[in-house]
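coords_23.cif (mmCIF, C-alpha atoms and all ligand atoms)
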```cif
data_input
loop_
_atom_site.label_atom_id
_atom_site.label_comp_id
_atom_site.auth_asym_id
_atom_site.auth_seq_id
_atom_site.Cartn_x
_atom_site.Cartn_y
_atom_site.Cartn_z
CA MET F 1 1.52 -29.39 38.33
CA PRO F 2 3.09 -31.28 35.38
CA GLN F 3 0.33 -32.48 33.06
CA GLY F 4 2.25 -35.23 31.29
CA PRO F 5 3.27 -35.25 27.64
CA PHE F 6 1.23 -32.96 25.43
CA ASP F 7 1.68 -31.33 22.05
CA PRO F 8 2.33 -27.58 22.43
CA PHE F 9 0.88 -26.92 18.98
CA ASP F 10 -2.47 -28.69 19.30
CA TRP F 11 -4.14 -25.29 19.43
CA ILE F 12 -2.89 -24.61 15.89
CA ASP F 13 -4.89 -27.57 14.55
CA GLU F 14 -7.96 -26.32 16.38
CA GLN F 15 -7.59 -22.87 14.81
CA ALA F 16 -6.99 -24.42 11.37
CA ALA F 17 -10.23 -26.41 11.71
CA VAL F 18 -12.17 -23.22 12.57
CA ARG F 19 -10.63 -21.46 9.54
CA ALA F 20 -11.48 -24.37 7.24
CA LYS F 21 -15.09 -24.42 8.46
CA ALA F 22 -15.42 -20.69 7.77
CA GLY F 23 -13.94 -21.03 4.25
CA LEU F 24 -10.96 -18.87 5.19
CA VAL F 25 -7.95 -21.11 4.52
CA ARG F 26 -5.08 -19.35 2.71
CA THR F 27 -2.67 -21.30 0.53
CA LEU F 28 0.42 -20.38 -1.44
CA ARG F 29 0.08 -21.04 -5.16
CA PRO F 30 3.17 -21.53 -7.34
CA ARG F 31 3.82 -18.75 -9.87
CA SER F 32 5.88 -19.37 -12.96
CA ALA F 33 8.11 -16.75 -14.57
CA GLU F 34 6.11 -16.90 -17.78
CA SER F 35 2.35 -17.06 -17.71
CA ALA F 36 -0.37 -16.82 -20.30
CA LEU F 37 -2.79 -15.56 -17.63
CA LEU F 38 -3.96 -11.95 -17.64
CA ASP F 39 -2.86 -10.54 -14.28
CA LEU F 40 -5.16 -8.05 -12.57
CA ALA F 41 -4.12 -9.03 -9.04
CA SER F 42 -0.70 -7.40 -8.84
CA ASN F 43 -0.04 -3.86 -7.63
CA ASP F 44 2.25 -3.19 -10.59
CA TYR F 45 0.04 -0.22 -11.54
CA LEU F 46 2.32 1.16 -14.23
CA GLY F 47 3.51 -2.19 -15.56
CA LEU F 48 7.12 -1.32 -14.72
CA THR F 49 8.25 -4.41 -12.82
CA HIS F 50 9.32 -6.11 -16.08
CA HIS F 51 10.31 -2.92 -17.92
CA PRO F 52 13.79 -3.48 -19.44
CA GLU F 53 15.10 -0.15 -18.12
CA VAL F 54 14.00 -1.09 -14.60
CA THR F 55 15.29 -4.67 -14.60
CA SER F 56 18.60 -3.54 -16.16
CA ALA F 57 18.97 -0.89 -13.46
CA ALA F 58 18.36 -3.56 -10.80
CA ALA F 59 21.02 -5.84 -12.32
CA GLU F 60 23.50 -2.99 -12.73
CA ALA F 61 22.99 -1.85 -9.12
CA ALA F 62 23.53 -5.40 -7.83
CA ARG F 63 26.72 -5.77 -9.90
CA ARG F 64 28.04 -2.42 -8.67
CA TRP F 65 26.98 -2.39 -5.03
CA GLY F 66 26.41 -6.07 -4.26
CA ALA F 67 23.39 -8.33 -3.91
CA GLY F 68 22.65 -7.10 -0.39
CA ALA F 69 23.10 -3.86 1.55
CA THR F 70 25.31 -5.85 4.01
CA GLY F 71 23.90 -4.24 7.15
CA SER F 72 22.13 -1.25 8.63
CA ARG F 73 23.12 1.89 6.72
CA LEU F 74 24.20 3.38 10.05
CA VAL F 75 26.72 0.57 10.46
CA THR F 76 28.05 -0.30 7.00
CA GLY F 77 27.55 3.10 5.38
CA SER F 78 25.04 4.65 3.04
CA THR F 79 25.60 4.34 -0.72
CA ARG F 80 25.34 7.11 -3.29
CA LEU F 81 22.56 5.03 -4.87
CA HIS F 82 20.41 5.26 -1.73
CA ALA F 83 21.08 9.02 -1.49
CA GLU F 84 20.12 9.50 -5.17
CA LEU F 85 16.90 7.55 -4.70
CA GLU F 86 15.99 9.59 -1.62
CA ARG F 87 16.65 12.86 -3.47
CA GLU F 88 14.60 11.71 -6.46
CA LEU F 89 11.62 10.57 -4.35
CA ALA F 90 11.59 13.76 -2.27
CA ASP F 91 11.89 16.04 -5.34
CA PHE F 92 9.36 14.11 -7.42
CA CYS F 93 6.71 14.02 -4.69
CA GLY F 94 7.43 17.58 -3.51
CA PHE F 95 8.86 16.98 -0.02
CA GLU F 96 12.01 18.38 1.56
CA ALA F 97 13.65 15.06 2.37
CA ALA F 98 13.21 11.28 2.23
CA LEU F 99 14.45 8.15 3.92
CA VAL F 100 14.24 4.75 2.22
CA LEU F 101 13.64 1.58 4.22
CA SER F 102 13.43 -2.10 3.39
CA SER F 103 9.63 -2.10 2.87
CA GLY F 104 6.55 0.07 3.00
CA TYR F 105 5.58 -1.90 6.10
CA ALA F 106 8.84 -0.86 7.79
CA ALA F 107 8.29 2.75 6.65
CA ASN F 108 4.90 2.89 8.38
CA LEU F 109 6.29 1.32 11.56
CA ALA F 110 9.18 3.83 11.46
CA ALA F 111 7.03 6.92 10.97
CA LEU F 112 4.39 5.94 13.52
CA THR F 113 6.74 4.88 16.28
CA ALA F 114 9.20 7.75 15.83
CA LEU F 115 6.55 10.47 15.59
CA SER F 116 4.40 9.42 18.54
CA GLY F 117 5.18 7.66 21.81
CA HIS F 118 3.93 7.29 25.34
CA GLY F 119 1.45 10.04 26.29
CA SER F 120 0.76 11.12 22.70
CA LEU F 121 -2.35 10.41 20.64
CA ILE F 122 -2.68 8.69 17.26
CA VAL F 123 -6.00 9.08 15.43
CA SER F 124 -6.30 6.25 12.92
CA ASP F 125 -8.93 5.58 10.24
CA ALA F 126 -10.85 2.34 10.85
CA LEU F 127 -9.86 0.94 7.43
CA ASN F 128 -6.15 1.77 7.56
CA HIS F 129 -3.67 -0.82 6.30
CA ALA F 130 -2.38 -3.55 8.64
CA SER F 131 1.08 -1.95 8.73
CA ILE F 132 -0.48 1.21 10.17
CA VAL F 133 -2.43 -0.81 12.71
CA ASP F 134 0.80 -2.53 13.76
CA GLY F 135 2.67 0.79 13.89
CA CYS F 136 -0.01 2.16 16.22
CA ARG F 137 0.33 -0.94 18.43
CA LEU F 138 4.11 -0.60 18.60
CA SER F 139 4.06 3.14 19.24
CA ARG F 140 2.94 3.04 22.90
CA ALA F 141 0.73 6.01 22.08
CA THR F 142 -2.97 6.06 22.85
CA THR F 143 -4.63 5.06 19.58
CA SER F 144 -8.12 6.23 18.80
CA VAL F 145 -9.67 4.44 15.83
CA VAL F 146 -12.20 6.71 14.12
CA PRO F 147 -14.90 5.87 11.54
CA HIS F 148 -13.70 5.60 7.95
CA ALA F 149 -13.05 8.85 6.03
CA ASP F 150 -14.60 11.04 8.71
CA PRO F 151 -12.72 14.34 9.27
CA ASP F 152 -15.32 15.45 11.85
CA ALA F 153 -14.55 12.39 13.96
CA VAL F 154 -10.85 13.25 13.69
CA ARG F 155 -11.57 16.82 14.82
CA LYS F 156 -13.65 15.67 17.81
CA THR F 157 -10.97 13.20 18.87
CA LEU F 158 -8.20 15.78 18.60
CA ASP F 159 -10.35 18.29 20.49
CA ALA F 160 -10.65 15.92 23.45
CA HIS F 161 -6.87 15.46 23.75
CA ASP F 162 -4.26 17.69 25.32
CA GLY F 163 -0.73 17.29 23.98
CA ARG F 164 1.11 15.81 21.05
CA ALA F 165 -1.07 14.19 18.39
CA LEU F 166 -0.88 12.68 14.91
CA ALA F 167 -3.63 11.58 12.53
CA VAL F 168 -2.87 8.75 10.10
CA THR F 169 -4.65 7.61 6.96
CA ASP F 170 -4.14 5.61 3.80
CA SER F 171 -4.36 8.04 0.84
CA VAL F 172 -6.16 5.38 -1.20
CA PHE F 173 -7.66 2.49 0.75
CA SER F 174 -6.16 -0.75 -0.38
CA VAL F 175 -9.28 -2.90 -0.50
CA ASP F 176 -12.01 -0.58 -1.80
CA GLY F 177 -9.79 1.86 -3.68
CA ASP F 178 -11.53 4.97 -2.32
CA ALA F 179 -9.47 8.09 -1.57
CA ALA F 180 -9.19 9.73 1.86
CA PRO F 181 -10.45 13.31 2.29
CA LEU F 182 -6.89 14.59 2.67
CA ALA F 183 -7.58 18.34 2.48
CA GLU F 184 -10.21 18.13 5.23
CA LEU F 185 -8.01 15.90 7.38
CA ALA F 186 -5.11 18.32 6.98
CA ALA F 187 -7.35 21.24 7.99
CA ALA F 188 -8.47 19.34 11.11
CA CYS F 189 -4.85 18.57 12.02
CA ARG F 190 -3.78 22.18 11.44
CA ALA F 191 -6.55 23.45 13.70
CA TYR F 192 -5.28 21.32 16.59
CA GLY F 193 -1.53 21.47 15.92
CA ALA F 194 -1.47 17.78 15.07
CA ALA F 195 0.73 16.10 12.46
CA LEU F 196 -0.80 14.29 9.48
CA LEU F 197 0.75 11.04 8.24
CA VAL F 198 -0.43 9.90 4.80
CA ASP F 199 0.37 6.39 3.57
CA ASP F 200 0.55 6.97 -0.20
CA ALA F 201 1.21 3.34 -1.12
CA HIS F 202 -1.63 3.33 -3.68
CA GLY F 203 -1.43 7.00 -4.69
CA LEU F 204 2.17 7.28 -5.88
CA GLY F 205 2.38 6.83 -9.63
CA VAL F 206 -1.38 7.04 -10.09
CA LEU F 207 -2.67 10.26 -8.47
CA GLY F 208 -1.40 13.82 -8.73
CA ASP F 209 0.37 15.60 -11.56
CA GLY F 210 2.26 12.89 -13.48
CA GLY F 211 1.79 10.42 -10.60
CA ARG F 212 3.37 12.59 -7.89
CA GLY F 213 0.92 11.11 -5.44
CA ALA F 214 -2.10 12.00 -3.35
CA PRO F 215 -0.44 14.57 -1.02
CA HIS F 216 0.78 16.45 -4.13
CA ALA F 217 -2.71 16.28 -5.66
CA ALA F 218 -4.20 17.70 -2.44
CA GLY F 219 -1.65 20.55 -2.27
CA LEU F 220 -0.11 19.01 0.85
CA ALA F 221 3.29 17.93 -0.48
CA GLY F 222 5.92 19.68 1.60
CA ALA F 223 3.30 21.34 3.82
CA ASP F 224 4.14 21.96 7.47
CA GLY F 225 3.13 19.06 9.66
CA VAL F 226 2.61 16.61 6.78
CA VAL F 227 4.60 13.39 6.40
CA ALA F 228 4.03 10.68 3.77
CA THR F 229 5.02 7.05 3.55
CA LEU F 230 5.47 5.19 0.27
CA THR F 231 6.05 1.70 -0.93
CA LEU F 232 8.42 1.13 -3.84
CA SER F 233 6.67 -2.18 -4.55
CA LYS F 234 3.56 -1.00 -6.37
CA SER F 235 3.78 1.73 -9.04
CA LEU F 236 7.57 1.71 -8.99
CA GLY F 237 7.62 -2.06 -9.61
CA SER F 238 10.44 -2.70 -7.14
CA GLN F 239 10.57 -3.42 -3.42
CA GLY F 240 11.12 -1.20 -0.39
CA GLY F 241 9.54 1.81 1.27
CA ALA F 242 10.17 5.44 2.11
CA VAL F 243 9.19 8.21 4.50
CA LEU F 244 8.96 11.74 3.05
CA GLY F 245 8.77 14.93 5.08
CA PRO F 246 10.61 17.92 6.53
CA ALA F 247 14.39 17.36 6.87
CA ARG F 248 14.19 17.55 10.68
CA VAL F 249 11.61 14.75 10.70
CA ILE F 250 13.82 12.60 8.48
CA ASP F 251 16.86 13.29 10.71
CA HIS F 252 14.75 12.32 13.71
CA LEU F 253 13.85 9.01 12.02
CA VAL F 254 17.50 8.25 11.28
CA ASN F 255 18.17 8.64 14.98
CA THR F 256 15.12 6.97 16.47
CA ALA F 257 13.20 4.72 14.05
CA ARG F 258 13.95 1.15 15.03
CA THR F 259 12.90 -0.32 11.66
CA PHE F 260 15.56 1.89 10.08
CA ILE F 261 18.30 1.55 12.70
CA PHE F 262 18.04 -2.19 13.32
CA ASP F 263 17.13 -3.33 9.81
CA THR F 264 19.46 -4.06 6.89
CA GLY F 265 19.32 -1.25 4.34
CA LEU F 266 17.30 -1.55 1.16
CA ALA F 267 18.96 -3.99 -1.28
CA PRO F 268 20.88 -2.11 -4.01
CA ALA F 269 18.96 -3.89 -6.80
CA ALA F 270 15.66 -2.67 -5.32
CA ALA F 271 17.02 0.86 -4.93
CA GLY F 272 18.32 0.88 -8.51
CA ALA F 273 15.04 -0.41 -9.90
CA ALA F 274 12.96 2.12 -7.95
CA LEU F 275 15.21 4.98 -9.08
CA ALA F 276 14.90 3.88 -12.72
CA SER F 277 11.10 3.67 -12.39
CA ALA F 278 10.84 7.11 -10.79
CA ARG F 279 12.93 8.62 -13.59
CA LEU F 280 10.87 6.80 -16.20
CA LEU F 281 7.68 8.16 -14.65
CA ARG F 282 9.10 11.70 -14.82
CA ARG F 283 9.72 11.14 -18.53
CA GLU F 284 6.36 9.49 -19.19
CA PRO F 285 3.86 11.29 -16.92
CA GLU F 286 0.96 10.02 -19.02
CA LEU F 287 1.36 6.57 -17.40
CA ALA F 288 -0.49 7.81 -14.30
CA GLY F 289 -3.50 8.97 -16.30
CA ARG F 290 -3.59 5.72 -18.27
CA ALA F 291 -3.77 3.68 -15.04
CA ARG F 292 -6.74 5.80 -13.91
CA THR F 293 -8.45 5.47 -17.31
CA VAL F 294 -8.08 1.68 -17.22
CA ALA F 295 -9.57 1.62 -13.70
CA ALA F 296 -12.54 3.71 -14.83
CA SER F 297 -13.10 1.38 -17.83
CA LEU F 298 -13.03 -1.72 -15.63
CA HIS F 299 -15.49 -0.14 -13.22
CA GLY F 300 -17.78 1.03 -16.04
CA GLY F 301 -17.85 -2.39 -17.70
CA LEU F 302 -18.56 -4.26 -14.48
CA THR F 303 -21.29 -1.94 -13.21
CA ASP F 304 -22.94 -1.69 -16.66
CA ALA F 305 -23.28 -5.49 -16.48
CA GLY F 306 -25.04 -5.19 -13.10
CA LEU F 307 -22.24 -6.01 -10.64
CA SER F 308 -21.62 -3.88 -7.54
CA ALA F 309 -18.22 -2.23 -7.74
CA VAL F 310 -16.84 0.73 -5.80
CA ARG F 311 -16.09 3.74 -8.03
CA PRO F 312 -12.28 3.80 -8.12
CA ASP F 313 -10.44 6.95 -7.03
CA ALA F 314 -7.12 5.47 -8.19
CA ALA F 315 -6.19 2.08 -9.72
CA VAL F 316 -7.97 -0.37 -7.38
CA VAL F 317 -11.37 -1.69 -8.47
CA SER F 318 -13.29 -3.60 -5.81
CA VAL F 319 -16.25 -5.86 -6.71
CA LEU F 320 -18.66 -7.04 -4.04
CA ALA F 321 -18.99 -10.83 -3.56
CA PRO F 322 -21.96 -12.46 -1.81
CA SER F 323 -19.84 -14.43 0.72
CA PRO F 324 -16.22 -15.45 1.45
CA GLU F 325 -16.82 -18.87 -0.17
CA ALA F 326 -18.40 -17.29 -3.24
CA ALA F 327 -15.46 -14.86 -3.51
CA VAL F 328 -12.94 -17.72 -3.43
CA ARG F 329 -14.90 -19.72 -6.00
CA TRP F 330 -15.36 -16.66 -8.23
CA ALA F 331 -11.63 -15.87 -8.17
CA ALA F 332 -10.86 -19.54 -8.96
CA ASP F 333 -13.32 -19.51 -11.88
CA CYS F 334 -11.68 -16.33 -13.22
CA ARG F 335 -8.29 -18.02 -12.99
CA ALA F 336 -9.58 -21.10 -14.82
CA ALA F 337 -10.76 -18.73 -17.54
CA GLY F 338 -7.31 -17.10 -17.79
CA LEU F 339 -7.70 -14.07 -15.51
CA VAL F 340 -5.96 -13.57 -12.15
CA VAL F 341 -7.80 -11.33 -9.68
CA GLY F 342 -7.35 -10.67 -5.97
CA CYS F 343 -9.78 -12.16 -3.48
CA PHE F 344 -10.27 -10.33 -0.17
CA ARG F 345 -12.18 -11.89 2.71
CA PRO F 346 -11.90 -11.87 6.51
CA PRO F 347 -9.59 -11.18 8.23
CA SER F 348 -8.33 -8.86 5.45
CA VAL F 349 -11.77 -7.25 5.33
CA PRO F 350 -14.58 -7.15 7.89
CA ASP F 351 -17.20 -9.91 7.80
CA GLY F 352 -19.88 -9.39 5.19
CA ILE F 353 -17.82 -7.51 2.63
CA SER F 354 -15.75 -10.11 0.82
CA ARG F 355 -14.56 -8.79 -2.50
CA LEU F 356 -12.75 -9.46 -5.72
CA ARG F 357 -10.07 -6.85 -6.17
CA LEU F 358 -8.94 -5.91 -9.66
CA THR F 359 -6.00 -3.62 -10.22
CA ALA F 360 -5.73 -1.43 -13.26
CA ARG F 361 -2.38 -1.27 -15.04
CA ALA F 362 -1.20 1.43 -17.38
CA ASP F 363 0.14 -1.20 -19.79
CA LEU F 364 -3.19 -3.02 -20.29
CA THR F 365 -4.67 -2.68 -23.78
CA ASP F 366 -8.33 -1.86 -24.32
CA ALA F 367 -8.82 -5.44 -25.56
CA GLN F 368 -7.36 -6.83 -22.32
CA VAL F 369 -9.66 -4.59 -20.28
CA ALA F 370 -12.66 -5.85 -22.26
CA GLN F 371 -11.49 -9.46 -21.79
CA ALA F 372 -11.13 -8.93 -18.01
CA VAL F 373 -14.60 -7.42 -17.70
CA ALA F 374 -16.17 -10.21 -19.79
CA THR F 375 -14.47 -12.91 -17.68
CA VAL F 376 -15.49 -11.43 -14.31
CA VAL F 377 -19.09 -10.99 -15.50
CA ARG F 378 -19.31 -14.48 -17.06
CA THR F 379 -17.99 -16.22 -13.93
CA ALA F 380 -19.97 -14.14 -11.41
CA PRO F 381 -22.28 -15.99 -9.00
CA SER F 382 -25.91 -15.08 -9.66
CA ALA F 383 -26.19 -13.53 -6.16
CA ALA F 384 -23.57 -10.95 -7.19
CA PHE F 385 -26.00 -9.16 -9.57
C1 LIG E 401 -1.66 0.89 2.11
C2 LIG E 401 -0.42 0.07 2.22
N1 LIG E 401 0.57 0.47 3.05
C3 LIG E 401 1.69 -0.23 3.19
C4 LIG E 401 1.89 -1.41 2.51
C5 LIG E 401 3.14 -2.18 2.74
O1 LIG E 401 4.06 -1.98 1.71
P1 LIG E 401 5.19 -3.08 1.42
O2 LIG E 401 4.53 -4.16 0.66
O3 LIG E 401 6.22 -2.34 0.64
O4 LIG E 401 5.70 -3.55 2.73
C6 LIG E 401 0.88 -1.87 1.63
C7 LIG E 401 0.97 -3.09 0.82
O5 LIG E 401 1.68 -3.89 0.66
C8 LIG E 401 -0.29 -1.11 1.49
O6 LIG E 401 -1.27 -1.53 0.69
#
```
Take the structure from the file and write it as structure tokens.
Ligand SMILES: Cc1ncc(COP(=O)(O)O)c(C=O)c1O
Amino acid sequence: MPQGPFDPFDWIDEQAAVRAKAGLVRTLRPRSAESALLDLASNDYLGLTHHPEVTSAAAEAARRWGAGATGSRLVTGSTRLHAELERELADFCGFEAALVLSSGYAANLAALTALSGHGSLIVSDALNHASIVDGCRLSRATTSVVPHADPDAVRKTLDAHDGRALAVTDSVFSVDGDAAPLAELAAACRAYGAALLVDDAHGLGVLGDGGRGAPHAAGLAGADGVVATLTLSKSLGSQGGAVLGPARVIDHLVNTARTFIFDTGLAPAAAGAALASARLLRREPELAGRARTVAASLHGGLTDAGLSAVRPDAAVVSVLAPSPEAAVRWAADCRAAGLVVGCFRPPSVPDGISRLRLTARADLTDAQVAQAVATVVRTAPSAAF
């Protein structure tokens, strides 16, 4: 029955009111090119996004190859620049082959959908990144979400399944900054003939010999049955993503991964910048260690002052806030005092664990680290101690 005129988006206002009441409204804040604020919210772990070599490489690539990739690489062709970047990423991280995509999000969707499918099983850590959650949803596989960082739960789940299976985990969890037990997960997968997919978004450039990433650090780079995904937007200071693995897996992705086939290729400027960053990291391997040292100093300063912070396994330092509202206010007070920090609250994190998230950068000076710690401590709500 027709119900007369009505507004099809009334429900949006109702949802917005619920969000506002819960203190969970998100807003976009303008960002200027130059800022006097100290930025500990970005994922630019090595401080390369403004490095002259990296920005020049981006500009040079755009001049040479164009501002855009002009289409899917399967349709308009694949440039030498993309091939060079794929070779560099695979060699640097220790895998046989690589495929670059337009984002880390697209890389996770590609790997998960192409390596699973109807009738197969995906075993996914409860705290995996949203792009992994969405990849599982798109895959048509049965997804079993297991407790966080629990190789025994992975084993039990694999044991109860007959047929093709894949376990997937962040290498470093993006909110709390803790590392996954990769060696134990790989052993569980090996025992059941399952593949292991490691999202190394927060490991590349920070963990492993000279920043070669978490799979390399765990002795799993290039191992049978192991595939990694990367983002080029964090340590490499650019934009884009990649899947690394055996050549036959990469060939399979080229033929079947919808976020590769039906997506415009990575923009040449982003490819050029990422390639320059990867080469720079090869030349300056100490950058990775410096990012870890800065993270440890931030954590030490904050916990010495009585705040609750998760011990960082890489460059992410997570500080517990008493409530979502307190987290928002705390982050705003930091900003007013000249320090930008991340603020995580539901739905990015489960209820009850809202956090400030500080990211270490290799280019921070000891004085800047001390300033950041002092600001977070000074602005902390009393319930945070
Ligand atoms: C763990 C993890 N995986 C994947 C992504 C997605 O990468 P991108 O931003 O390149 O799409 C992110 C963050 O952005 C992330 O934190």
Counting all atoms listed in the file, which residues in stretch 296-365 of chain F sit no more than 8 Å from stretch 17-34 of chain F? For each one, give the nearest pair of atoms and the distance in Å, sorted by chain then residue number, as a tab-separated table.
```
residue	atom	partner	partner_atom	distance
F:Pro324	CA	F:Gly23	CA	6.6
F:Glu325	CA	F:Gly23	CA	5.7
F:Arg345	CA	F:Leu24	CA	7.5
F:Pro346	CA	F:Leu24	CA	7.2
```
Keeping only C-alpha atoms, write the selected residues to a file as a short mmCIF file (atom, residue, chain, number, x, y, z; two decimals), in the coordinates of the input.
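Okay, part.cif is ready:
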```cif
data_model
loop_
_atom_site.label_atom_id
_atom_site.label_comp_id
_atom_site.auth_asym_id
_atom_site.auth_seq_id
_atom_site.Cartn_x
_atom_site.Cartn_y
_atom_site.Cartn_z
CA PRO F 324 -16.22 -15.45 1.45
CA GLU F 325 -16.82 -18.87 -0.17
CA ARG F 345 -12.18 -11.89 2.71
CA PRO F 346 -11.90 -11.87 6.51
#
```
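Each residue with an atom within 6 Å of any atom of ligand LIG 401 (chain E) appears in the list, which was built counting all atoms listed in the file: F:Ser103, F:Gly104, F:Tyr105, F:His129, F:Ser131, F:Asp170, F:Ser174, F:Asp199, F:Ala201, F:Thr231, F:Ser233, F:Gly240, F:Gly241.
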Kindly save the residues from that selection, with C-alpha atoms included, as a PDB file, in the coordinates of the input.
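New file out01.pdb:
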```pdb
ATOM      1  CA  SER F 103       9.630  -2.100   2.870  1.00  0.00           C
ATOM      2  CA  GLY F 104       6.550   0.070   3.000  1.00  0.00           C
ATOM      3  CA  TYR F 105       5.580  -1.900   6.100  1.00  0.00           C
ATOM      4  CA  HIS F 129      -3.670  -0.820   6.300  1.00  0.00           C
ATOM      5  CA  SER F 131       1.080  -1.950   8.730  1.00  0.00           C
ATOM      6  CA  ASP F 170      -4.140   5.610   3.800  1.00  0.00           C
ATOM      7  CA  SER F 174      -6.160  -0.750  -0.380  1.00  0.00           C
ATOM      8  CA  ASP F 199       0.370   6.390   3.570  1.00  0.00           C
ATOM      9  CA  ALA F 201       1.210   3.340  -1.120  1.00  0.00           C
ATOM     10  CA  THR F 231       6.050   1.700  -0.930  1.00  0.00           C
ATOM     11  CA  SER F 233       6.670  -2.180  -4.550  1.00  0.00           C
ATOM     12  CA  GLY F 240      11.120  -1.200  -0.390  1.00  0.00           C
ATOM     13  CA  GLY F 241       9.540   1.810   1.270  1.00  0.00           C
TER      14      GLY F 241
END
```
Excluding stretch 70-77 of chain F and residues on its chain fewer than 3 positions from it, collect all residues at most 7 Å away from it, counting only C-alpha atoms, and give them as an mmCIF file with C-alpha atoms, in the frame of the given file.
```cif
data_model
loop_
_atom_site.group_PDB
_atom_site.id
_atom_site.type_symbol
_atom_site.label_atom_id
_atom_site.label_comp_id
_atom_site.auth_asym_id
_atom_site.auth_seq_id
_atom_site.Cartn_x
_atom_site.Cartn_y
_atom_site.Cartn_z
ATOM 1 C CA ILE F 261 18.300 1.550 12.700
ATOM 2 C CA PHE F 262 18.040 -2.190 13.320
ATOM 3 C CA ASP F 263 17.130 -3.330 9.810
ATOM 4 C CA THR F 264 19.460 -4.060 6.890
ATOM 5 C CA GLY F 265 19.320 -1.250 4.340
#
```
Pick from F:Gly225, F:Gly210, F:Pro347, F:Pro181 nearest to F:Pro246, counting only C-alpha atoms: F:Gly225
Spatial neighbours of F:Glu84, max dist 10 Å, only C-alpha atoms, sep filter under 5 positions, as a ChimeraX atom specification: /F:79,89-90,271-272,275
Selected residue of minimal separation from F:Arg164 among F:Ala187, F:Ala269, F:Leu196, F:Val349, counting only C-alpha atoms: F:Leu196
Which residue of F:Thr143, F:Ala41, F:His148, F:His252 approaches F:His161 most closely, using all atoms listed in the file: F:Thr143
Using only C-alpha atoms, I'd like a table of the residues in stretch 12-53 of chain F that come within 10 Å of stretch 291-297 of chain F; for each, show the closest atom pair and its distance in Å rounded to one decimal, ordered by chain and ascending number, as a tab-separated table.
```
residue	atom	partner	partner_atom	distance
F:Tyr45	CA	F:Ala291	CA	6.5
F:Leu46	CA	F:Ala291	CA	6.6
F:Gly47	CA	F:Ala291	CA	9.4
```
Selected residue of minimal separation from F:Thr256 among F:Gly177, F:Gly117, F:Gly219, F:Pro52, counting all atoms listed in the file: F:Gly117
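Between F:Asp39 and the residues F:Val341, F:Ala327, F:Ala380, F:Ala270, the shortest atom-to-atom distance, using all atoms listed in the file, involves F:Val341.
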Closest of F:Pro151, F:Gly66, F:Pro381, F:Gly338 to F:Cys189 - atom-to-atom distances counting all atoms listed in the file: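 Distance minimum relative to F:Cys189 lands on F:Pro151.
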Contacts of F:Ala61 at 12 Å (all atoms listed in the file; same-chain gap of 2+ positions) as an NGL selection string: :F and (54-59 or 63-69 or 79-82 or 266-276)
Hey, could you pull the box centre and edge lengths for stretch 243-251 of chain F, axis-aligned, 3 Å padding per side, all listed atoms, to one decimal in Å, as JSON?
```
{"center_x": 12.8, "center_y": 13.1, "center_z": 6.9, "size_x": 14.1, "size_y": 15.7, "size_z": 13.7}
```
Who sits within 7 Å of F:Gly245, all atoms listed in the file, same chain under 2 positions skipped, as a list of chain:residue names: F:Phe95, F:Glu96, F:Ala97, F:Ala98, F:Gly222, F:Val226, F:Val227, F:Ala228, F:Val243, F:Ala247, F:Val249, F:Ile250
d(atom CA of F:Pro147, atom CA of F:Thr229) in Å: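 Taking atom CA of F:Pro147 as the start and atom CA of F:Thr229 as the end point, the length is 21.5 Å.
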F:Pro215 surroundings by only C-alpha atoms, 9 Å radius, close-in-sequence under 6 positions cut, as a list in words: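 Near neighbours after the sequence-gap exclusion: Cys93, Gly94, Ser171, Leu182, Ala183, Val198, Asp200, Gly203, Leu207, Gly208, Ala221, Gly222, Val226 and Ala228 of chain F.
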Gap from atom CA of F:Leu158 to atom CA of F:Tyr192 - Å, one decimal: 6.6 Å
